[in-house]
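Student: For reference, the file upload-v1.pdb (PDB, C-alpha atoms) is included below:
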ATOM      1  CA  MET A 295      30.959  21.182  39.384
ATOM      2  CA  LYS A 296      31.868  21.858  35.778
ATOM      3  CA  ALA A 297      30.041  23.492  32.949
ATOM      4  CA  ARG A 298      30.709  23.620  29.233
ATOM      5  CA  VAL A 299      29.495  26.611  27.269
ATOM      6  CA  HIS A 300      29.154  26.531  23.502
ATOM      7  CA  VAL A 301      29.150  29.920  21.789
ATOM      8  CA  MET A 302      28.158  30.078  18.127
ATOM      9  CA  LEU A 303      27.424  32.896  15.705
ATOM     10  CA  LYS A 304      23.660  33.181  15.348
ATOM     11  CA  ASN A 305      21.958  31.735  12.306
ATOM     12  CA  GLY A 306      21.825  34.472   9.712
ATOM     13  CA  VAL A 307      25.148  35.979  10.795
ATOM     14  CA  LEU A 308      27.762  35.234   8.130
ATOM     15  CA  ASP A 309      30.594  33.099   9.496
ATOM     16  CA  PRO A 310      33.533  33.756   7.144
ATOM     17  CA  GLN A 311      35.824  31.389   9.073
ATOM     18  CA  GLY A 312      33.308  28.552   8.766
ATOM     19  CA  GLU A 313      33.006  29.333   5.046
ATOM     20  CA  ALA A 314      36.792  29.199   4.633
ATOM     21  CA  VAL A 315      36.863  25.805   6.367
ATOM     22  CA  ARG A 316      34.069  24.571   4.087
ATOM     23  CA  HIS A 317      36.038  25.673   1.013
ATOM     24  CA  ALA A 318      39.189  23.972   2.324
ATOM     25  CA  LEU A 319      37.305  20.725   2.978
ATOM     26  CA  GLY A 320      35.926  20.912  -0.554
ATOM     27  CA  ALA A 321      39.451  21.420  -1.910
ATOM     28  CA  LEU A 322      40.547  18.275  -0.066
ATOM     29  CA  GLY A 323      37.870  16.315  -1.856
ATOM     30  CA  PHE A 324      35.300  16.104   0.947
ATOM     31  CA  ASP A 325      32.317  16.692  -1.275
ATOM     32  CA  LYS A 326      29.607  15.832   1.246
ATOM     33  CA  VAL A 327      29.973  19.019   3.308
ATOM     34  CA  GLY A 328      27.111  21.464   2.760
ATOM     35  CA  GLY A 329      28.113  24.023   5.363
ATOM     36  CA  VAL A 330      30.466  24.697   8.277
ATOM     37  CA  ARG A 331      29.902  26.914  11.299
ATOM     38  CA  GLN A 332      32.752  27.568  13.698
ATOM     39  CA  GLY A 333      32.303  28.483  17.358
ATOM     40  CA  LYS A 334      33.919  28.405  20.777
ATOM     41  CA  VAL A 335      33.849  25.969  23.662
ATOM     42  CA  ILE A 336      34.463  27.409  27.120
ATOM     43  CA  ASP A 337      34.941  25.039  30.077
ATOM     44  CA  LEU A 338      34.244  26.413  33.525
ATOM     45  CA  ASP A 339      35.329  24.977  36.872
ATOM     46  CA  LEU A 340      32.641  26.026  39.303
ATOM     47  CA  ALA A 341      31.812  25.941  42.992
ATOM     48  CA  ASP A 342      29.538  23.047  43.936
ATOM     49  CA  ASP A 343      26.551  25.269  44.509
ATOM     50  CA  ALA A 344      26.789  26.997  41.098
ATOM     51  CA  THR A 345      23.654  26.691  39.007
ATOM     52  CA  GLU A 346      22.862  26.812  35.326
ATOM     53  CA  ALA A 347      21.253  30.191  35.987
ATOM     54  CA  ASP A 348      24.627  31.479  37.220
ATOM     55  CA  VAL A 349      26.301  30.303  34.020
ATOM     56  CA  ALA A 350      23.537  31.827  31.901
ATOM     57  CA  GLU A 351      24.193  35.171  33.582
ATOM     58  CA  MET A 352      27.920  34.815  32.790
ATOM     59  CA  CYS A 353      27.013  34.159  29.160
ATOM     60  CA  GLU A 354      24.716  37.168  28.969
ATOM     61  CA  LYS A 355      27.223  39.517  30.592
ATOM     62  CA  LEU A 356      30.515  38.372  29.103
ATOM     63  CA  LEU A 357      30.960  34.973  27.478
ATOM     64  CA  ALA A 358      28.679  35.642  24.502
ATOM     65  CA  ASN A 359      27.774  38.826  22.657
ATOM     66  CA  THR A 360      24.084  38.162  22.169
ATOM     67  CA  VAL A 361      23.903  40.707  19.349
ATOM     68  CA  ILE A 362      25.724  38.213  17.138
ATOM     69  CA  GLU A 363      26.145  35.011  19.150
ATOM     70  CA  SER A 364      23.955  32.355  20.730
ATOM     71  CA  TYR A 365      25.068  30.064  23.533
ATOM     72  CA  SER A 366      24.163  26.738  25.062
ATOM     73  CA  ILE A 367      25.157  25.377  28.461
ATOM     74  CA  GLU A 368      25.936  21.819  29.534
ATOM     75  CA  MET A 369      26.184  21.323  33.304
ATOM     76  CA  GLN A 370      28.472  18.361  33.980
TER
ATOM     77  CA  MET B 175      37.457  71.507  26.008
ATOM     78  CA  LYS B 176      38.861  68.750  28.163
ATOM     79  CA  ALA B 177      39.525  65.385  26.601
ATOM     80  CA  ALA B 178      40.489  62.103  28.240
ATOM     81  CA  VAL B 179      42.010  59.207  26.316
ATOM     82  CA  VAL B 180      41.606  55.762  27.857
ATOM     83  CA  VAL B 181      44.656  53.496  27.828
ATOM     84  CA  PHE B 182      44.161  49.730  28.019
ATOM     85  CA  PRO B 183      46.880  47.102  28.019
ATOM     86  CA  GLY B 184      47.304  46.624  24.267
ATOM     87  CA  SER B 185      46.102  50.068  23.161
ATOM     88  CA  ASN B 186      48.387  51.370  20.420
ATOM     89  CA  CYS B 187      46.596  54.427  19.029
ATOM     90  CA  ASP B 188      46.169  56.218  22.347
ATOM     91  CA  ARG B 189      48.953  58.752  21.750
ATOM     92  CA  ASP B 190      47.858  59.407  18.160
ATOM     93  CA  LEU B 191      44.362  60.134  19.429
ATOM     94  CA  ALA B 192      45.736  62.414  22.152
ATOM     95  CA  VAL B 193      47.769  64.381  19.578
ATOM     96  CA  ALA B 194      44.693  64.782  17.359
ATOM     97  CA  PHE B 195      42.740  66.158  20.331
ATOM     98  CA  GLU B 196      45.620  68.501  21.222
ATOM     99  CA  GLN B 197      45.893  69.792  17.675
ATOM    100  CA  ALA B 198      42.179  70.553  17.805
ATOM    101  CA  GLY B 199      42.804  72.682  20.891
ATOM    102  CA  CYS B 200      41.739  70.250  23.617
ATOM    103  CA  GLU B 201      43.458  69.814  26.945
ATOM    104  CA  VAL B 202      44.167  66.068  27.090
ATOM    105  CA  SER B 203      44.726  63.671  29.946
ATOM    106  CA  MET B 204      45.435  59.950  29.688
ATOM    107  CA  VAL B 205      43.352  57.602  31.834
ATOM    108  CA  TRP B 206      44.465  54.099  32.828
ATOM    109  CA  HIS B 207      42.057  51.188  32.480
ATOM    110  CA  LYS B 208      42.142  50.455  36.215
ATOM    111  CA  ASP B 209      41.012  53.972  37.124
ATOM    112  CA  SER B 210      37.393  53.988  38.161
ATOM    113  CA  ALA B 211      36.682  57.646  37.431
ATOM    114  CA  LEU B 212      37.358  60.139  34.657
ATOM    115  CA  PRO B 213      39.230  63.346  35.545
ATOM    116  CA  GLU B 214      37.006  66.154  36.809
ATOM    117  CA  GLY B 215      35.306  68.190  34.071
ATOM    118  CA  VAL B 216      36.057  65.932  31.105
ATOM    119  CA  ASP B 217      33.934  66.862  28.073
ATOM    120  CA  ILE B 218      34.944  64.125  25.668
ATOM    121  CA  VAL B 219      36.385  60.656  26.085
ATOM    122  CA  GLY B 220      38.501  59.030  23.392
ATOM    123  CA  VAL B 221      38.549  55.241  23.281
ATOM    124  CA  PRO B 222      41.562  54.398  21.129
ATOM    125  CA  GLY B 223      42.443  51.676  18.688
ATOM    126  CA  GLY B 224      44.688  48.751  19.423
ATOM    127  CA  PHE B 225      44.272  45.283  20.810
ATOM    128  CA  SER B 226      42.952  45.801  24.321
ATOM    129  CA  TYR B 227      43.587  42.727  26.481
ATOM    130  CA  GLY B 228      44.972  40.941  23.430
ATOM    131  CA  ASP B 229      41.501  40.744  21.844
ATOM    132  CA  TYR B 230      40.860  37.783  24.170
ATOM    133  CA  LEU B 231      37.363  36.272  24.042
ATOM    134  CA  ARG B 232      36.115  38.896  21.542
ATOM    135  CA  CYS B 233      37.595  42.226  20.450
ATOM    136  CA  GLY B 234      36.716  44.744  23.155
ATOM    137  CA  ALA B 235      34.846  42.273  25.382
ATOM    138  CA  ILE B 236      37.240  42.364  28.335
ATOM    139  CA  ALA B 237      37.884  46.097  28.029
ATOM    140  CA  ALA B 238      34.134  46.707  28.175
ATOM    141  CA  GLN B 239      34.135  45.198  31.679
ATOM    142  CA  SER B 240      37.064  47.290  32.964
ATOM    143  CA  PRO B 241      36.581  49.843  35.767
ATOM    144  CA  ILE B 242      37.196  52.838  33.492
ATOM    145  CA  CYS B 243      34.596  51.632  31.009
ATOM    146  CA  LYS B 244      31.912  51.830  33.676
ATOM    147  CA  ALA B 245      32.884  55.487  34.105
ATOM    148  CA  VAL B 246      32.830  55.999  30.328
ATOM    149  CA  VAL B 247      29.334  54.485  30.095
ATOM    150  CA  GLU B 248      28.136  56.752  32.918
ATOM    151  CA  HIS B 249      29.703  59.740  31.116
ATOM    152  CA  THR B 250      27.812  58.932  27.899
ATOM    153  CA  ASN B 251      24.600  58.232  29.839
ATOM    154  CA  ARG B 252      24.890  61.762  31.251
ATOM    155  CA  GLY B 253      25.113  63.086  27.688
ATOM    156  CA  GLY B 254      28.904  63.333  27.561
ATOM    157  CA  TYR B 255      30.754  63.196  24.257
ATOM    158  CA  ALA B 256      32.850  60.223  23.218
ATOM    159  CA  ILE B 257      34.653  58.898  20.169
ATOM    160  CA  GLY B 258      35.716  55.286  19.759
ATOM    161  CA  VAL B 259      38.079  54.448  16.917
ATOM    162  CA  CYS B 260      38.715  50.899  15.683
ATOM    163  CA  ASN B 261      39.140  48.816  18.865
ATOM    164  CA  GLY B 262      37.454  51.762  20.609
ATOM    165  CA  PHE B 263      34.398  51.286  18.361
ATOM    166  CA  GLN B 264      34.412  47.566  19.208
ATOM    167  CA  ILE B 265      34.551  48.433  22.916
ATOM    168  CA  LEU B 266      31.668  50.914  22.644
ATOM    169  CA  THR B 267      29.493  48.272  20.966
ATOM    170  CA  GLU B 268      30.457  45.706  23.619
ATOM    171  CA  THR B 269      29.387  48.123  26.367
ATOM    172  CA  GLY B 270      26.081  48.739  24.582
ATOM    173  CA  VAL B 271      26.765  52.476  24.213
ATOM    174  CA  LEU B 272      26.476  51.940  20.438
ATOM    175  CA  PRO B 273      24.329  49.266  18.759
ATOM    176  CA  GLY B 274      25.564  46.347  16.655
ATOM    177  CA  ALA B 275      28.833  44.429  16.702
ATOM    178  CA  LEU B 276      32.026  44.057  14.672
ATOM    179  CA  LEU B 277      32.589  40.665  13.075
ATOM    180  CA  ARG B 278      35.667  39.162  11.413
ATOM    181  CA  ASN B 279      36.327  40.794   8.012
ATOM    182  CA  ALA B 280      34.388  38.961   5.324
ATOM    183  CA  GLY B 281      37.640  38.254   3.430
ATOM    184  CA  LEU B 282      39.242  36.945   6.670
ATOM    185  CA  LYS B 283      42.336  39.094   6.138
ATOM    186  CA  TYR B 284      43.692  41.892   8.279
ATOM    187  CA  ILE B 285      43.426  45.028   6.134
ATOM    188  CA  CYS B 286      45.755  48.001   6.530
ATOM    189  CA  ARG B 287      45.372  50.714   3.906
ATOM    190  CA  THR B 288      43.744  54.048   3.218
ATOM    191  CA  VAL B 289      40.178  53.778   2.002
ATOM    192  CA  ASP B 290      37.639  56.253   0.678
ATOM    193  CA  LEU B 291      34.800  57.095   3.034
ATOM    194  CA  GLN B 292      31.665  58.962   2.175
ATOM    195  CA  VAL B 293      30.419  61.331   4.837
ATOM    196  CA  ALA B 294      26.827  60.205   5.371
ATOM    197  CA  THR B 295      25.659  63.053   7.614
ATOM    198  CA  SER B 296      27.055  66.412   8.648
ATOM    199  CA  ASN B 297      24.652  66.526  11.581
ATOM    200  CA  SER B 298      27.036  65.881  14.504
ATOM    201  CA  VAL B 299      29.925  67.684  16.135
ATOM    202  CA  PHE B 300      32.264  65.116  14.576
ATOM    203  CA  THR B 301      31.025  65.526  11.005
ATOM    204  CA  GLU B 302      29.884  69.170  10.851
ATOM    205  CA  GLY B 303      33.225  70.087   9.259
ATOM    206  CA  TYR B 304      32.220  68.049   6.195
ATOM    207  CA  LYS B 305      29.330  68.161   3.785
ATOM    208  CA  ALA B 306      27.184  65.062   3.441
ATOM    209  CA  GLY B 307      28.456  63.255   0.360
ATOM    210  CA  ASP B 308      32.073  64.398   0.758
ATOM    211  CA  VAL B 309      34.556  61.622   0.049
ATOM    212  CA  ILE B 310      37.604  61.527   2.320
ATOM    213  CA  GLY B 311      40.646  59.239   2.505
ATOM    214  CA  VAL B 312      41.163  57.665   5.932
ATOM    215  CA  PRO B 313      43.318  54.665   6.912
ATOM    216  CA  ILE B 314      41.825  51.430   8.179
ATOM    217  CA  ALA B 315      43.810  48.786  10.077
ATOM    218  CA  HIS B 316      41.633  45.972  11.354
ATOM    219  CA  HIS B 317      40.828  42.278  11.263
ATOM    220  CA  ASP B 318      37.380  42.542  12.823
ATOM    221  CA  GLY B 319      35.736  45.568  11.245
ATOM    222  CA  ASN B 320      32.743  43.951   9.588
ATOM    223  CA  TYR B 321      29.879  45.936  11.094
ATOM    224  CA  PHE B 322      26.786  43.871  11.783
ATOM    225  CA  ALA B 323      23.402  44.743  13.211
ATOM    226  CA  ASP B 324      20.003  43.158  12.637
ATOM    227  CA  ALA B 325      17.781  44.594   9.904
ATOM    228  CA  GLU B 326      15.621  46.447  12.410
ATOM    229  CA  THR B 327      18.656  48.195  13.961
ATOM    230  CA  VAL B 328      20.096  49.143  10.565
ATOM    231  CA  ALA B 329      16.713  50.597   9.536
ATOM    232  CA  MET B 330      16.633  52.587  12.790
ATOM    233  CA  LEU B 331      20.165  53.939  12.172
ATOM    234  CA  GLU B 332      19.161  54.972   8.650
ATOM    235  CA  ASP B 333      15.846  56.524   9.757
ATOM    236  CA  GLN B 334      17.548  58.529  12.485
ATOM    237  CA  ASP B 335      20.393  59.650  10.175
ATOM    238  CA  ARG B 336      22.905  57.979  12.497
ATOM    239  CA  VAL B 337      25.268  56.522   9.902
ATOM    240  CA  ALA B 338      28.243  58.896  10.048
ATOM    241  CA  PHE B 339      30.520  57.363   7.392
ATOM    242  CA  ARG B 340      30.163  54.695   4.703
ATOM    243  CA  TYR B 341      32.827  52.855   2.737
ATOM    244  CA  VAL B 342      32.850  53.827  -0.937
ATOM    245  CA  ASP B 343      34.286  50.383  -1.799
ATOM    246  CA  ASN B 344      33.331  48.108   1.109
ATOM    247  CA  PRO B 345      36.568  46.400   2.238
ATOM    248  CA  ASN B 346      35.271  44.153   5.023
ATOM    249  CA  GLY B 347      31.666  43.135   4.401
ATOM    250  CA  SER B 348      30.055  45.704   6.706
ATOM    251  CA  ILE B 349      26.293  45.765   6.414
ATOM    252  CA  ALA B 350      25.033  48.766   4.392
ATOM    253  CA  ASP B 351      28.719  49.781   3.878
ATOM    254  CA  ILE B 352      28.685  51.244   7.401
ATOM    255  CA  ALA B 353      32.074  52.525   8.607
ATOM    256  CA  GLY B 354      30.909  54.648  11.547
ATOM    257  CA  ILE B 355      27.746  55.360  13.518
ATOM    258  CA  LEU B 356      26.407  57.903  15.998
ATOM    259  CA  SER B 357      24.536  57.434  19.255
ATOM    260  CA  GLU B 358      20.901  58.496  19.484
ATOM    261  CA  ASN B 359      21.877  61.894  20.965
ATOM    262  CA  ARG B 360      24.599  62.190  18.250
ATOM    263  CA  ARG B 361      27.294  62.793  20.881
ATOM    264  CA  VAL B 362      29.037  59.430  20.600
ATOM    265  CA  LEU B 363      30.799  58.406  17.384
ATOM    266  CA  GLY B 364      32.180  54.924  16.752
ATOM    267  CA  MET B 365      34.140  54.239  13.584
ATOM    268  CA  MET B 366      36.570  51.606  12.323
ATOM    269  CA  PRO B 367      38.711  53.942  10.162
ATOM    270  CA  HIS B 368      41.346  56.048  11.934
ATOM    271  CA  PRO B 369      40.753  59.814  11.516
ATOM    272  CA  GLU B 370      43.611  60.468  13.982
ATOM    273  CA  ARG B 371      45.982  58.892  11.436
ATOM    274  CA  ALA B 372      44.914  61.430   8.801
ATOM    275  CA  ALA B 373      45.048  64.570  10.928
ATOM    276  CA  ASP B 374      48.490  66.016  10.198
ATOM    277  CA  GLU B 375      50.460  66.852   7.051
ATOM    278  CA  GLY B 376      53.081  64.379   8.226
ATOM    279  CA  HIS B 377      50.517  61.580   7.990
ATOM    280  CA  GLY B 378      50.247  62.056   4.255
ATOM    281  CA  GLY B 379      46.737  63.486   4.480
ATOM    282  CA  THR B 380      44.543  65.597   6.720
ATOM    283  CA  ASP B 381      41.093  64.411   5.660
ATOM    284  CA  GLY B 382      40.381  63.127   9.184
ATOM    285  CA  ALA B 383      41.286  66.334  11.022
ATOM    286  CA  ALA B 384      37.784  67.809  10.744
ATOM    287  CA  VAL B 385      36.444  65.000  12.979
ATOM    288  CA  PHE B 386      38.296  66.692  15.850
ATOM    289  CA  ARG B 387      38.239  70.323  14.722
ATOM    290  CA  ALA B 388      34.801  71.270  16.055
ATOM    291  CA  LEU B 389      35.448  69.751  19.473
ATOM    292  CA  ALA B 390      37.456  72.687  20.789
ATOM    293  CA  GLY B 391      34.382  74.896  20.573
ATOM    294  CA  LEU B 392      32.341  72.665  22.858
ATOM    295  CA  VAL B 393      32.088  73.637  26.492
ATOM    296  CA  THR B 394      29.416  71.312  27.820
ATOM    297  CA  ALA B 395      30.998  69.165  30.488
ATOM    298  CA  ALA B 396      28.818  66.188  31.307
TER
END
When written as structure tokens, how does the structure in this file appear?
Tutor:
Amino acid sequence: MKARVHVMLKNGVLDPQGEAVRHALGALGFDKVGGVRQGKVIDLDLADDATEADVAEMCEKLLANTVIESYSIEMQ
Amino acid sequence: MKAAVVVFPGSNCDRDLAVAFEQAGCEVSMVWHKDSALPEGVDIVGVPGGFSYGDYLRCGAIAAQSPICKAVVEHTNRGGYAIGVCNGFQILTETGVLPGALLRNAGLKYICRTVDLQVATSNSVFTEGYKAGDVIGVPIAHHDGNYFADAETVAMLEDQDRVAFRYVDNPNGSIADIAGILSENRRVLGMMPHPERAADEGHGGTDGAAVFRALAGLVTAA
């Protein structure tokens, strides 16, 4: 069993790296980009009996800092 | 006064912090991250700056899960004193001992220079050697020092007079210019600037020494 966790800064939390990427895209002439947010993808190899609830607990305890970040889980 | 300084793989301000405690008259022991208990009778724990565990995942995130950090959290829950500087502040927010989080600097650059801080409250053992409004010069050296908390938390910190230091000229985008905060019982201080690097004439300034000076008088082991 595998799971993919996406961790993103919450809406409303300034993402200076995303902003820098947006500026760089603009400098390259990509003028259709309104905003960029940058996050993390974490792939987990799991035991067969692992559940989404297990992964959610991992996110709450370690993988995301829920003060500033939100997460989403894809079980694969 | 007995002090313990935690050493993580990647800590690089642990000895500076220990010297600052010693100069303030504390008896200091160093504690390794794999230890699961603090030495008997420790009054204050110092969580030093550096790059614990290589800043993997998030600054302070892995350190916050280490065995010694569980002991540090228990120490603060019992009302014990603690100071976290720079990476130590990040670790204390990751453990939940202090509210908020430290984001990447708004300008994206690592900043290493002395900045002016305004003392926001003298109501704590760490800041009683200053007067509220004093401006002191203390070095910063961080890439992720942009303090963030939601509006409700910032209002609570302000209402409870828990902002210890503010930047005079905000270098990193911190909300409300916050450079350091206190716990609800005012016994835990977290700050991004390094008072232990401004605690000796040889450092080029001693404006940070007063953060440690009052500690020697404390005798309340937690």
Student: Considering only C-alpha atoms, can you say which of A:Gln370, A:Cys353, A:Lys304, A:Ala321 comes closest to A:Gly333?
Tutor: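 Ranking A:Gln370, A:Cys353, A:Lys304, A:Ala321 by distance to A:Gly333, first place goes to A:Lys304.
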Student: Residues of chain A within 10 Å of chain B, using only C-alpha atoms, as a PyMOL selection string?
Tutor: chain A and resi 303+306-311+313-314+334+336+355-362
Student: Can you pull out the residues contacting A:Lys326? Cut-off 12 Å, using all atoms listed in the file, and skip same-chain residues under 6 positions away; I want them as a list of chain:residue names.
Tutor: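 Contacts, in chain order: A:Arg316, A:His317, A:Leu319, A:Gly320.
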Student: Could those residues be written to a file, using C-alpha atoms, as a short mmCIF file (atom, residue, chain, number, x, y, z; two decimals), in the coordinates of the input?
Tutor:
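Writing the result to result-v4.cif gives the following:
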data_model
loop_
_atom_site.label_atom_id
_atom_site.label_comp_id
_atom_site.auth_asym_id
_atom_site.auth_seq_id
_atom_site.Cartn_x
_atom_site.Cartn_y
_atom_site.Cartn_z
CA ARG A 316 34.07 24.57 4.09
CA HIS A 317 36.04 25.67 1.01
CA LEU A 319 37.30 20.72 2.98
CA GLY A 320 35.93 20.91 -0.55
#
Student: Grab the atom CA of B:Asp229 to atom CA of A:Gly312 distance for me, in Å with one decimal place.
Tutor: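 We find that atom CA of B:Asp229 and atom CA of A:Gly312 lie 19.7 Å from each other.
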Student: Could you check which of B:Gly354, B:Gly379, B:Gly184, B:Pro345 is closest to B:Val293, using only C-alpha atoms?
Tutor: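 Closest to B:Val293 of all the choices is B:Gly354.
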Student: If you count all atoms listed in the file, which residues fall within 10 Å of B:Val289, apart from same-chain ones fewer than 5 positions away, as a list in words?
Tutor: Val309, Ile310, Gly311, Val312, Pro313, Ile314, Tyr341, Val342, Asp343, Asn344, Pro345 and Pro367 of chain B
Student: In Å, how far is it from atom CA of B:Ile257 to atom CA of B:Asp351?
Tutor: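 Between atom CA of B:Ile257 and atom CA of B:Asp351 the gap is 19.6 Å.
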